[in-house]
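Colleague: Okay, so here is coords.cif, and as you'll see once you scroll down, it has mmCIF, C-alpha atoms and all ligand atoms.
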data_target
#
loop_
_atom_site.label_atom_id
_atom_site.label_comp_id
_atom_site.auth_asym_id
_atom_site.auth_seq_id
_atom_site.Cartn_x
_atom_site.Cartn_y
_atom_site.Cartn_z
CA MET A 1 41.95 -22.03 -28.01
CA ILE A 2 38.81 -24.17 -27.79
CA LYS A 3 36.97 -24.78 -31.09
CA GLU A 4 33.84 -26.76 -31.82
CA ILE A 5 33.63 -29.10 -34.80
CA THR A 6 31.33 -31.86 -36.00
CA THR A 7 32.27 -35.31 -37.21
CA LYS A 8 30.75 -37.85 -39.58
CA THR A 9 32.34 -40.93 -38.01
CA LEU A 10 33.80 -41.71 -34.62
CA LEU A 11 34.83 -45.34 -34.14
CA ASN A 12 38.05 -46.09 -36.02
CA HIS A 13 38.69 -49.70 -36.79
CA VAL A 14 42.20 -50.77 -35.64
CA LYS A 15 43.71 -52.27 -38.78
CA GLN A 16 46.67 -54.20 -37.37
CA PRO A 17 46.06 -56.55 -34.42
CA ASP A 18 46.74 -54.40 -31.36
CA THR A 19 49.39 -56.24 -29.37
CA TRP A 20 49.30 -53.80 -26.45
CA PHE A 21 45.66 -53.68 -25.34
CA GLY A 22 43.81 -55.93 -27.77
CA LEU A 23 41.86 -52.98 -29.19
CA ARG A 24 39.38 -53.40 -32.02
CA TYR A 25 38.37 -49.72 -32.21
CA ASN A 26 39.83 -46.34 -31.30
CA LEU A 27 37.71 -43.40 -30.37
CA ASN A 28 38.66 -39.71 -30.16
CA LEU A 29 36.08 -37.27 -28.86
CA TYR A 30 38.51 -34.35 -28.98
CA ARG A 31 41.49 -33.29 -31.09
CA GLY A 32 44.52 -31.73 -29.43
CA CYS A 33 45.35 -32.29 -25.77
CA GLN A 34 45.44 -29.88 -22.86
CA HIS A 35 48.02 -31.96 -21.01
CA GLN A 36 50.71 -30.64 -23.36
CA CYS A 37 53.38 -33.21 -22.50
CA ILE A 38 56.65 -31.95 -23.96
CA TYR A 39 57.42 -35.34 -25.54
CA CYS A 40 53.97 -35.94 -27.07
CA ASP A 41 54.08 -37.97 -30.27
CA SER A 42 50.78 -36.47 -31.50
CA ARG A 43 52.75 -33.38 -32.60
CA SER A 44 54.46 -35.46 -35.31
CA ASP A 45 53.95 -34.16 -38.87
CA CYS A 46 52.37 -37.47 -39.93
CA TYR A 47 49.24 -36.74 -37.85
CA ARG A 48 48.71 -33.38 -39.57
CA ILE A 49 47.40 -31.59 -36.51
CA GLU A 50 47.87 -27.94 -37.34
CA ASN A 51 48.15 -26.59 -33.82
CA PHE A 52 48.29 -29.18 -31.06
CA ALA A 53 47.50 -26.49 -28.46
CA ASP A 54 44.07 -25.91 -30.06
CA ILE A 55 41.42 -28.16 -28.58
CA LEU A 56 38.73 -29.26 -31.00
CA VAL A 57 35.53 -30.56 -29.40
CA LYS A 58 33.42 -32.92 -31.52
CA THR A 59 30.04 -31.57 -30.48
CA ASN A 60 27.93 -34.24 -32.20
CA ALA A 61 30.16 -37.12 -31.05
CA ILE A 62 27.60 -38.80 -28.81
CA GLU A 63 24.87 -38.83 -31.46
CA VAL A 64 27.32 -40.31 -33.98
CA LEU A 65 28.47 -42.92 -31.47
CA GLN A 66 24.91 -43.89 -30.54
CA ASP A 67 24.25 -44.44 -34.23
CA GLU A 68 27.47 -46.41 -34.88
CA LEU A 69 27.55 -48.75 -31.88
CA PRO A 70 24.46 -50.89 -32.61
CA ARG A 71 25.63 -51.31 -36.21
CA LYS A 72 29.02 -52.81 -35.27
CA ARG A 73 28.85 -56.58 -35.53
CA ASN A 74 32.16 -57.11 -33.82
CA LYS A 75 31.93 -56.28 -30.13
CA GLY A 76 35.66 -55.79 -29.64
CA THR A 77 37.43 -53.52 -27.19
CA ILE A 78 37.06 -49.77 -27.67
CA GLY A 79 40.17 -47.76 -26.74
CA PHE A 80 40.17 -44.21 -25.39
CA GLY A 81 43.34 -42.12 -25.23
CA SER A 82 45.46 -42.72 -28.31
CA MET A 83 45.79 -39.14 -29.66
CA ASN A 84 44.63 -37.14 -26.66
CA ASP A 85 43.70 -37.71 -23.04
CA PRO A 86 39.98 -38.50 -22.64
CA TYR A 87 40.08 -36.89 -19.18
CA MET A 88 41.88 -33.64 -19.99
CA PRO A 89 40.47 -30.62 -18.05
CA ILE A 90 37.79 -29.72 -20.63
CA GLU A 91 36.14 -33.12 -20.07
CA LYS A 92 35.07 -31.92 -16.64
CA GLU A 93 32.52 -29.54 -18.18
CA ARG A 94 31.83 -31.19 -21.57
CA GLU A 95 31.43 -34.78 -20.25
CA LEU A 96 31.86 -36.35 -23.69
CA THR A 97 33.89 -39.26 -22.31
CA LYS A 98 31.33 -39.90 -19.61
CA LYS A 99 28.43 -39.88 -22.10
CA ALA A 100 30.38 -42.07 -24.54
CA LEU A 101 30.98 -44.61 -21.76
CA GLU A 102 27.27 -44.64 -20.96
CA ALA A 103 26.44 -45.35 -24.61
CA ILE A 104 29.10 -48.07 -24.73
CA GLN A 105 27.74 -49.67 -21.59
CA LYS A 106 24.23 -49.80 -23.04
CA ASN A 107 25.61 -51.53 -26.13
CA ARG A 108 27.75 -53.91 -24.06
CA PHE A 109 31.21 -53.24 -25.51
CA PRO A 110 34.47 -53.78 -23.59
CA VAL A 111 36.68 -50.75 -22.95
CA HIS A 112 40.31 -49.79 -22.37
CA ILE A 113 41.09 -46.28 -21.13
CA LEU A 114 44.53 -44.69 -21.18
CA THR A 115 44.85 -41.51 -19.14
CA LYS A 116 47.03 -39.33 -16.94
CA SER A 117 44.09 -37.85 -15.08
CA ALA A 118 42.40 -38.50 -11.76
CA LEU A 119 39.12 -37.30 -13.32
CA VAL A 120 38.53 -40.89 -14.46
CA THR A 121 37.35 -41.66 -10.91
CA ARG A 122 34.24 -39.54 -11.61
CA ASP A 123 33.07 -42.34 -13.95
CA ILE A 124 33.60 -45.28 -11.59
CA ASP A 125 29.90 -46.17 -11.56
CA VAL A 126 29.62 -46.63 -15.32
CA LEU A 127 33.04 -48.34 -15.46
CA LYS A 128 31.85 -50.88 -12.92
CA LYS A 129 28.92 -51.74 -15.19
CA ILE A 130 31.19 -51.97 -18.27
CA ALA A 131 33.47 -54.26 -16.26
CA GLU A 132 30.76 -56.93 -16.53
CA GLN A 133 32.13 -57.23 -20.11
CA TYR A 134 35.63 -55.86 -19.61
CA ALA A 135 37.03 -52.53 -18.42
CA ALA A 136 40.67 -51.64 -17.86
CA VAL A 137 42.15 -48.27 -16.94
CA SER A 138 45.85 -47.74 -17.59
CA PHE A 139 47.59 -44.68 -16.18
CA THR A 140 50.63 -43.38 -18.01
CA VAL A 141 53.39 -42.67 -15.49
CA THR A 142 56.86 -41.71 -16.69
CA THR A 143 58.25 -40.41 -13.40
CA ALA A 144 57.20 -40.68 -9.77
CA ASP A 145 58.65 -37.23 -9.09
CA ASP A 146 55.82 -34.67 -9.02
CA ASP A 147 58.16 -31.73 -9.68
CA LEU A 148 59.53 -33.44 -12.77
CA CYS A 149 55.95 -34.22 -13.88
CA LYS A 150 55.17 -30.50 -13.80
CA LYS A 151 58.00 -29.87 -16.27
CA LEU A 152 57.36 -32.80 -18.58
CA GLU A 153 53.55 -33.01 -18.45
CA PRO A 154 52.59 -29.45 -17.49
CA GLY A 155 48.82 -29.73 -18.06
CA ALA A 156 48.32 -33.14 -16.44
CA PRO A 157 47.71 -34.11 -12.82
CA VAL A 158 51.02 -35.10 -11.16
CA ALA A 159 52.01 -38.74 -10.58
CA SER A 160 50.90 -38.81 -6.92
CA GLU A 161 47.37 -37.82 -8.02
CA ARG A 162 47.37 -40.56 -10.64
CA PHE A 163 48.40 -43.15 -8.03
CA ALA A 164 45.64 -41.93 -5.70
CA ALA A 165 43.10 -42.32 -8.54
CA MET A 166 44.42 -45.79 -9.26
CA LYS A 167 43.91 -46.76 -5.64
CA GLU A 168 40.31 -45.56 -5.81
CA LEU A 169 39.63 -47.58 -8.98
CA HIS A 170 41.23 -50.67 -7.48
CA LYS A 171 39.14 -50.28 -4.33
CA ASN A 172 36.08 -50.32 -6.57
CA GLY A 173 37.14 -53.48 -8.35
CA ILE A 174 38.25 -51.86 -11.62
CA TYR A 175 41.17 -53.57 -13.36
CA THR A 176 44.00 -51.04 -13.48
CA GLY A 177 47.73 -50.70 -14.11
CA ILE A 178 50.46 -48.57 -15.58
CA LEU A 179 51.94 -47.72 -18.92
CA LEU A 180 55.54 -46.86 -18.01
CA MET A 181 56.49 -45.01 -21.16
CA PRO A 182 58.05 -43.01 -22.55
CA VAL A 183 61.09 -43.06 -20.29
CA LEU A 184 63.14 -40.08 -21.43
CA PRO A 185 66.85 -40.74 -21.99
CA PHE A 186 69.17 -38.77 -19.68
CA ILE A 187 66.18 -37.50 -17.63
CA GLU A 188 64.03 -40.37 -16.35
CA ASP A 189 66.28 -43.39 -16.90
CA THR A 190 67.40 -44.00 -13.32
CA ARG A 191 66.99 -47.01 -11.06
CA ASP A 192 65.52 -44.72 -8.41
CA ASN A 193 62.76 -43.61 -10.76
CA VAL A 194 61.92 -47.18 -11.78
CA LYS A 195 61.88 -48.31 -8.14
CA ALA A 196 59.66 -45.41 -7.06
CA ILE A 197 57.14 -46.11 -9.83
CA VAL A 198 56.94 -49.87 -9.23
CA GLU A 199 56.61 -49.46 -5.47
CA ALA A 200 53.92 -46.76 -5.75
CA ALA A 201 52.09 -48.89 -8.33
CA ALA A 202 52.11 -51.91 -6.02
CA GLU A 203 50.90 -49.78 -3.15
CA SER A 204 48.07 -48.38 -5.30
CA GLY A 205 46.66 -51.70 -6.53
CA ALA A 206 48.20 -51.88 -10.02
CA SER A 207 47.84 -55.35 -11.54
CA TYR A 208 50.28 -54.71 -14.41
CA ILE A 209 53.01 -52.36 -15.63
CA LEU A 210 53.87 -52.22 -19.33
CA PRO A 211 57.34 -50.71 -19.73
CA TRP A 212 59.37 -49.20 -22.52
CA PHE A 213 62.67 -47.71 -21.48
CA GLY A 214 62.92 -45.25 -24.31
CA MET A 215 60.88 -42.93 -26.50
CA SER A 216 60.01 -42.35 -30.14
CA ILE A 217 60.90 -39.11 -31.89
CA ARG A 218 59.58 -38.00 -35.27
CA SER A 219 59.69 -34.90 -37.38
CA GLY A 220 57.44 -32.17 -36.01
CA GLN A 221 57.53 -33.62 -32.50
CA ARG A 222 61.34 -33.40 -32.45
CA GLU A 223 61.51 -29.63 -32.97
CA TYR A 224 59.06 -28.90 -30.14
CA PHE A 225 60.67 -31.40 -27.77
CA TYR A 226 64.20 -30.13 -28.39
CA ALA A 227 63.11 -26.51 -27.85
CA LYS A 228 61.59 -27.58 -24.52
CA LEU A 229 64.76 -29.46 -23.56
CA ASP A 230 66.76 -26.26 -24.18
CA GLU A 231 64.36 -24.32 -22.00
CA LEU A 232 64.00 -26.82 -19.14
CA PHE A 233 67.11 -29.04 -19.21
CA PRO A 234 70.02 -27.06 -20.70
CA GLY A 235 72.69 -29.30 -22.23
CA ILE A 236 70.48 -32.39 -22.69
CA ARG A 237 69.44 -31.71 -26.31
CA GLU A 238 73.07 -32.03 -27.40
CA LYS A 239 73.22 -35.50 -25.82
CA TYR A 240 70.12 -36.55 -27.78
CA GLU A 241 71.56 -35.24 -31.05
CA LEU A 242 74.84 -37.01 -30.50
CA ARG A 243 73.35 -40.35 -29.52
CA PHE A 244 70.19 -40.55 -31.66
CA GLY A 245 70.59 -38.24 -34.67
CA GLU A 246 67.38 -38.55 -36.73
CA GLN A 247 66.48 -41.94 -35.22
CA TYR A 248 62.83 -42.80 -34.57
CA GLN A 249 63.31 -45.29 -31.73
CA CYS A 250 65.45 -43.81 -28.97
CA ASP A 251 66.13 -46.36 -26.22
CA VAL A 252 67.74 -45.17 -23.00
CA PRO A 253 71.47 -45.99 -22.93
CA ASN A 254 71.10 -48.26 -19.87
CA ALA A 255 67.95 -50.03 -21.12
CA LYS A 256 69.23 -53.58 -20.53
CA GLU A 257 70.12 -52.91 -16.93
CA LEU A 258 66.82 -51.12 -16.27
CA TYR A 259 64.74 -53.94 -17.74
CA GLN A 260 66.53 -56.42 -15.48
CA TYR A 261 66.04 -54.25 -12.45
CA PHE A 262 62.38 -53.67 -13.38
CA ASP A 263 61.81 -57.45 -13.69
CA GLU A 264 63.24 -58.05 -10.23
CA LEU A 265 61.09 -55.33 -8.68
CA CYS A 266 57.91 -56.56 -10.37
CA LYS A 267 58.53 -60.12 -9.20
CA LYS A 268 59.05 -58.88 -5.66
CA CYS A 269 55.86 -56.79 -5.75
CA GLY A 270 53.70 -59.39 -7.55
CA ILE A 271 53.03 -57.17 -10.56
CA THR A 272 52.76 -58.66 -14.04
CA LYS A 273 54.27 -57.12 -17.21
CA LYS A 274 51.24 -58.16 -19.27
CA ILE A 275 47.73 -56.81 -19.34
CA GLU A 276 44.83 -59.21 -19.56
CA VAL A 277 42.95 -58.28 -22.70
CA TYR A 278 39.41 -59.02 -23.78
CA GLU A 279 39.13 -62.17 -25.86
CA GLU A 280 36.49 -61.59 -28.51
CA LYS A 281 35.74 -65.16 -29.58
CA SER A 282 35.36 -66.92 -26.30
CA GLU A 283 34.41 -63.68 -24.60
CA GLN A 284 36.98 -64.41 -21.93
CA ARG A 285 40.14 -62.60 -20.99
CA LYS A 286 43.47 -63.97 -22.07
CA LEU A 287 47.08 -63.17 -21.39
CA PHE A 288 49.20 -62.31 -24.39
S1 LIG B 301 48.38 -36.83 -22.29
FE1 LIG B 301 49.02 -38.06 -24.03
S2 LIG B 301 48.04 -37.12 -25.80
FE2 LIG B 301 47.97 -35.64 -24.13
S3 LIG B 301 49.77 -34.35 -24.44
FE3 LIG B 301 50.31 -35.99 -23.02
S4 LIG B 301 51.19 -37.61 -24.30
FE4 LIG B 301 50.05 -36.22 -25.64
#
Would you write out, as structure tokens, the structure that this file holds?
Ligand code: SF4
Modeller:
Amino acid sequence: MIKEITTKTLLNHVKQPDTWFGLRYNLNLYRGCQHQCIYCDSRSDCYRIENFADILVKTNAIEVLQDELPRKRNKGTIGFGSMNDPYMPIEKERELTKKALEAIQKNRFPVHILTKSALVTRDIDVLKKIAEQYAAVSFTVTTADDDLCKKLEPGAPVASERFAAMKELHKNGIYTGILLMPVLPFIEDTRDNVKAIVEAAAESGASYILPWFGMSIRSGQREYFYAKLDELFPGIREKYELRFGEQYQCDVPNAKELYQYFDELCKKCGITKKIEVYEEKSEQRKLF
């Protein structure tokens, strides 16, 4: 169900230094996510989202953002895509992400976008302008197998569409790469999957791949995920229960071997395992 809401504030200050993308602010224009990935962490009880299938649209988001941006003294990186995908299907008609990017560009802030959608290519023109400060687009890819994507990430464009979008961004000079996580134990933790992702990434112009061979599982998310495992992968839930119990961090059993293999492949393909982030003080990029 789609619902409309209003908000008083939009830019959330990132309290701890963000070691992944160097974010200073997070921004969510929607609540809930139409991509409905079966493993999504946003279903965890701690986020208190009543029904993750409901999509809440913040109708006054752009006005609030236009008011907040000029008042921020720290022009650090604004991150899209932490609790929902900024390019989920509804964005096609509502265009909140597009309008937010236009406001951000006018106020000269750097941006990092995390998405699973090819719709991001619609906004190439504004991203190119933001790139004069800093713009990076990371695609989450957990499997290169489109059929498996349809099971795990039923509302999102399949991996081959994401790679095609990445190629388009790269062709237009936008800095882009991959977030290779989560990697689901007993489902996606194969050398073939890692090889297919790294090779497709290299072919599509990815500059970086950030891996985590594992997943996190919390209360609320666990119940939904396990029910989906029973439905789609009979027999796998039992393996999770046996190996991980109530654990939060669930690394794949062959993590060490996969990291080694991943390192070799990245070296061969000239892909780095670090993203260049925006450096606020010197206003230059740095590697962390
Ligand atoms: S795209 Fe991200 S936020 Fe949306 S359902 Fe999938 S994991 Fe969750």
Colleague: Please measure the separation of CA of Ser160 (chain A) and CA of Asp146 (chain A), giving the value in Å to one decimal.
Modeller: 6.8 Å
Colleague: Which is closest to Ala206 (chain A) among A:Ser138, A:Thr143, A:Gln133, A:Gln34, if we use all atoms listed in the file?
Modeller: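 Among the listed residues, the smallest separation from Ala206 (chain A) belongs to A:Ser138.
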Colleague: Enclose all atoms of region 101-112 of chain A listed in the file in an axis-aligned box, grow every side by 6 Å, and hand back centre and edge lengths in Å to one decimal, as AutoDock Vina command-line options.
Modeller:
--center_x 32.3 --center_y -49.3 --center_z -23.5 --size_x 28.1 --size_y 21.3 --size_z 17.2
Colleague: Give me the residues of chain A that have any atom at most 7 Å from an atom of ligand LIG 301 (chain B); for each, the nearest atom pair and the distance in Å, rounded to one decimal. Use all atoms listed in the file, sort by chain and number, and format it as a tab-separated table.
Modeller:
residue	atom	partner	partner_atom	distance
A:Cys33	CA	B:LIG301	FE2	4.6
A:Gln34	CA	B:LIG301	FE2	6.4
A:His35	CA	B:LIG301	S3	4.5
A:Gln36	CA	B:LIG301	S3	4.0
A:Cys37	CA	B:LIG301	FE3	4.2
A:Tyr39	CA	B:LIG301	S4	6.7
A:Cys40	CA	B:LIG301	FE4	4.2
A:Asp41	CA	B:LIG301	FE4	6.4
A:Ser42	CA	B:LIG301	FE4	5.9
A:Gly81	CA	B:LIG301	S2	6.9
A:Ser82	CA	B:LIG301	S2	6.7
A:Met83	CA	B:LIG301	S2	4.9
A:Asn84	CA	B:LIG301	S2	3.5
A:Asp85	CA	B:LIG301	S1	4.8
A:Thr115	CA	B:LIG301	S1	6.7
A:Lys116	CA	B:LIG301	S1	6.1
A:Glu153	CA	B:LIG301	FE3	6.3
A:Ala156	CA	B:LIG301	S1	6.9
Colleague: Could you pull the residues within 8 Å of region 181-189 of chain A, counting all atoms listed in the file, minus those fewer than 5 positions along the same chain, as a list of chain:residue names?
Modeller: A:Thr140, A:Val141, A:Thr142, A:Thr143, A:Val194, A:Leu210, A:Pro211, A:Trp212, A:Phe213, A:Gly214, A:Met215, A:Ser216, A:Ile236, A:Tyr240, A:Cys250, A:Asp251, A:Val252, A:Pro253, A:Asn254, A:Leu258
Colleague: Between CA of Val120 (chain A) and CA of Lys195 (chain A), what is the distance, to one decimal in Å?
Modeller: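 We find that CA of Val120 (chain A) and CA of Lys195 (chain A) lie 25.3 Å from each other.
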Colleague: Contacts of Lys128 (chain A) at 12 Å or less, counting all atoms listed in the file, minus same-chain residues fewer than 2 places along, as a CSV table (one decimal) with C-alpha atoms, in the frame of the given file?
Modeller:
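Final output, selection.csv:
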chain,number,residue,atom,x,y,z
A,101,LEU,CA,31.0,-44.6,-21.8
A,102,GLU,CA,27.3,-44.6,-21.0
A,105,GLN,CA,27.7,-49.7,-21.6
A,110,PRO,CA,34.5,-53.8,-23.6
A,111,VAL,CA,36.7,-50.8,-23.0
A,121,THR,CA,37.4,-41.7,-10.9
A,122,ARG,CA,34.2,-39.5,-11.6
A,123,ASP,CA,33.1,-42.3,-14.0
A,124,ILE,CA,33.6,-45.3,-11.6
A,125,ASP,CA,29.9,-46.2,-11.6
A,126,VAL,CA,29.6,-46.6,-15.3
A,130,ILE,CA,31.2,-52.0,-18.3
A,131,ALA,CA,33.5,-54.3,-16.3
A,132,GLU,CA,30.8,-56.9,-16.5
A,133,GLN,CA,32.1,-57.2,-20.1
A,134,TYR,CA,35.6,-55.9,-19.6
A,135,ALA,CA,37.0,-52.5,-18.4
A,136,ALA,CA,40.7,-51.6,-17.9
A,137,VAL,CA,42.2,-48.3,-16.9
A,169,LEU,CA,39.6,-47.6,-9.0
A,170,HIS,CA,41.2,-50.7,-7.5
A,171,LYS,CA,39.1,-50.3,-4.3
A,172,ASN,CA,36.1,-50.3,-6.6
A,173,GLY,CA,37.1,-53.5,-8.4
A,174,ILE,CA,38.2,-51.9,-11.6
A,175,TYR,CA,41.2,-53.6,-13.4
